[in-house]
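Enquirer: There's a structure below that I have some questions on.
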Protein chains: 2
Amino acid sequence: MSLTIVGTMAFDAIETPFAKTEKTIGGSATYCAYSAGKFINDINQVSIVGYDFPEDVLHELNEQGVKTEGVKKISDKKSFFWSGKYHMDMNTRDTLVTDLNVLADFDPVIPDFYKSSEYLLLGNLSPNIQKSVIEQFDTRPKLIVLDTMNFWMETALEDLKDVLTMTDVLVVNDSEARQLSGEYSLVKAARKILQMGPKFLVIKKGEHGALLFNQDEVFFAPALPLEEVFDPTGAGDSFAGGFIGYIAKTDDISFENMKTAVIMGSVVASFCVEKLGTQKLREITKTEVNKRLQQFISLCSFNYSLE
Amino acid sequence: MSLTIVGTMAFDAIETPFAKTEKTIGGSATYCAYSAGKFINDINQVSIVGYDFPEDVLHELNEQGVKTEGVKKISDKKSFFWSGKYHMDMNTRDTLVTDLNVLADFDPVIPDFYKSSEYLLLGNLSPNIQKSVIEQFDTRPKLIVLDTMNFWMETALEDLKDVLTMTDVLVVNDSEARQLSGEYSLVKAARKILQMGPKFLVIKKGEHGALLFNQDEVFFAPALPLEEVFDPTGAGDSFAGGFIGYIAKTDDISFENMKTAVIMGSVVASFCVEKLGTQKLREITKTEVNKRLQQFISLCSFNYSLE
């Protein structure tokens, strides 16, 4: 099956207690593509970059089956730039710089041959852009997964609620789920958010794992206890990419299969944080992914007998 | 098998965002006994209470197979009193009052017929008291589980380290594990703590579940996503009681069986927080415990196929 990914391709400057870089390749769509690429090799990338974005990154993605006809290049502007600094707990960070650059004019045009994709991943962007992408598809994708953030809840809540009614799966973190729902209990938050449109909700809890909800059920995926979290940047995007990448590969949108997809997203995310930026994602092989999946399985397996 | 529990039996005043009480039955040994009692009915209680501690609580415990010959009653002093207030996140709390009362003189004398217990749970007390209990046993128990807290790390670290060398399983929460080890990563923290003596380490993460470590392996038990956490008081003690209660019942101290015991501890703790104080623990039946165990199992179960 084919997957269309819409999001940013950018440069990041990152500082964590353990690592620092002035300039590395980043962007939600970049992380998503590398991650989904662990499961499928038919990916349609939609993004916008400046004259300064390296060709070889696009070529590397092309070689992995990522089509970049939907990646618009602006010859007289710089690529989107984000700079952030993480606190010791690695779950919180301060954004130091956000230079929109080309992103200010981002109005994605979906190439015709993308429009038959069965799966669509809308990375964290303005809800209006996310909506315009959905509306460009000839036939509605089988599954639309949407990522967003607190910024859009504060500045474009009505637009966000609008696009949520067109969405199948919303992926947010725990504080975003609480903000969007106004509920502290994640169980209550999930119930409220599922009334806003999505049939499924994933709540990411960082080092504490992730929860998958539908109307009646909940599934919990642990995070692998890691010796060192080197750089959390892109962990959420890697999760989303691995999640929908596995669903697209298996072409099964049942809740049962989504549970496994949440585990696969967690597997890929657990690699992402081990090195700076996208480095680890670019290195890992299918064999390593399967090996780590086994670790996740044994992490939570136990024997029991009821009486 | 028989289990000896040493800890406090007390009165608590508790305030949470959802509940408030001026005086309810509490104490680590009380929660532990009610919880372990869901799995075994041969429990030896060791504690100290004042003239004001209600007889009917002791009788209720007696009827459930808890022997109270080891519970010393001081006729001219009040029982230990603790008062705390929880923050919105329910993971952090402020201690408002700590009246030691009878606890100031607590020097437990283990009744002879207790001394053949195969299992020993040392609730959160001064490391010296914990050590003196171990030394009173004729034959060393099969498994010694020890609970402690940051207070003892700050005021009696050397004594704590001493009793840790006599302990099989240490049960602490994540911040205590970080404080004791000086490591932020829980994986690194576990490695350091296991070098201090215990063969097994349980790290409780509240609403985020619990981790079980031995030298080479790690197991993760989720917490059940609850609609409402009414009162977290005693959740940790309930966990410890359910954990060792299940091990004593199955009389199996293998890491494999301990995994299931961690789940059982989580099951009992998930009930504890649903009502104020010990109320819920006193109500639940074996059937409810088994039903919730099934919820834990399905919460984390997923299908997968490797290639």
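Each chain in the structure tokens gets a letter, A, B, ..., in the order shown, and its residues are numbered from 1; ligands are numbered from 1 in order too.
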Any idea which chain B residues end up within 10 Å of chain A if we count only C-alpha atoms, as a PyMOL selection string please?
Expert: chain B and resi 88-89+184-189+205+207-209+211-212+217-229+256-264+286-287+289-291+293-307
Enquirer: As an MDAnalysis selection string, please: every residue in range 89-245 of chain A that a backbone DSSP assignment puts in strand (DSSP E).
Expert: chainID A and resid 93:99 119:122 143:147 169:173 200:204 210:213 218:221
Enquirer: List as an MDAnalysis selection string the protein and nucleic acid residues near range 49-57 of chain B, meaning an atom at most 9 Å away when only C-alpha atoms are counted, but skip any in the same chain fewer than 2 places from it.
Expert: chainID B and resid 8:11 25 47 59:62 71:80 101:103
Enquirer: Nearest residue to Arg282 in chain A out of A:Tyr34, A:Phe81, A:Phe200, A:Phe113, using only C-alpha atoms?
Expert: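 Looking at the shortest contact to Arg282 in chain A, the residue is A:Tyr34.
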Enquirer: Identify, on the basis of only C-alpha atoms, every residue whose closest approach to Gly70 in chain A does not exceed 8 Å; exclude the query and any residue fewer than 4 positions from it along the same chain; express the result as number ranges by chain.
Expert: A: 44-47, 108-111
Enquirer: What is the CA of Asp162 in chain B to CA of Gln130 in chain B distance in Å?
Expert: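 Value for the CA of Asp162 in chain B-CA of Gln130 in chain B distance: 10.3 Å.
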Enquirer: Run DSSP on the backbone and give me the residues of range 229-284 of chain A it puts in helix (DSSP H, G or I), as a PyMOL selection string.
Expert: chain A and resi 235-250+255-272+279-283
Enquirer: In Å, rounded to a single decimal, give me how far CA of Phe213 in chain B is from CA of Leu194 in chain B.
Expert: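 Between these atoms lies a distance of 8.5 Å.
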Enquirer: Taking 4 positions as the minimum chain separation for residues in the same chain, which residues sit within 9 Å of Glu176 in chain B when counting only C-alpha atoms? Answer as number ranges by chain.
Expert: B: 148-150, 153, 172, 180-181, 203
Enquirer: So that I can check the surroundings of Gln195 in chain B, please list as a PyMOL selection string every protein, DNA and RNA residue that reaches within 12 Å of it, counting only C-alpha atoms and ignoring chain neighbours fewer than 2 positions away.
Expert: chain B and resi 161+164-165+167-168+170+180-181+188-193+197-201+214-215
Enquirer: To one decimal place, how far is CA of Asp138 in chain B from CA of Gly37 in chain B in Å?
Expert: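 Distance reported for this atom pair: 24.5 Å.
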Enquirer: Tell me, as a PyMOL selection string, which residues lie within 10 Å of Thr139 in chain B, counting only C-alpha atoms; anything in the same chain fewer than 6 positions away does not count.
Expert: chain B and resi 115-118
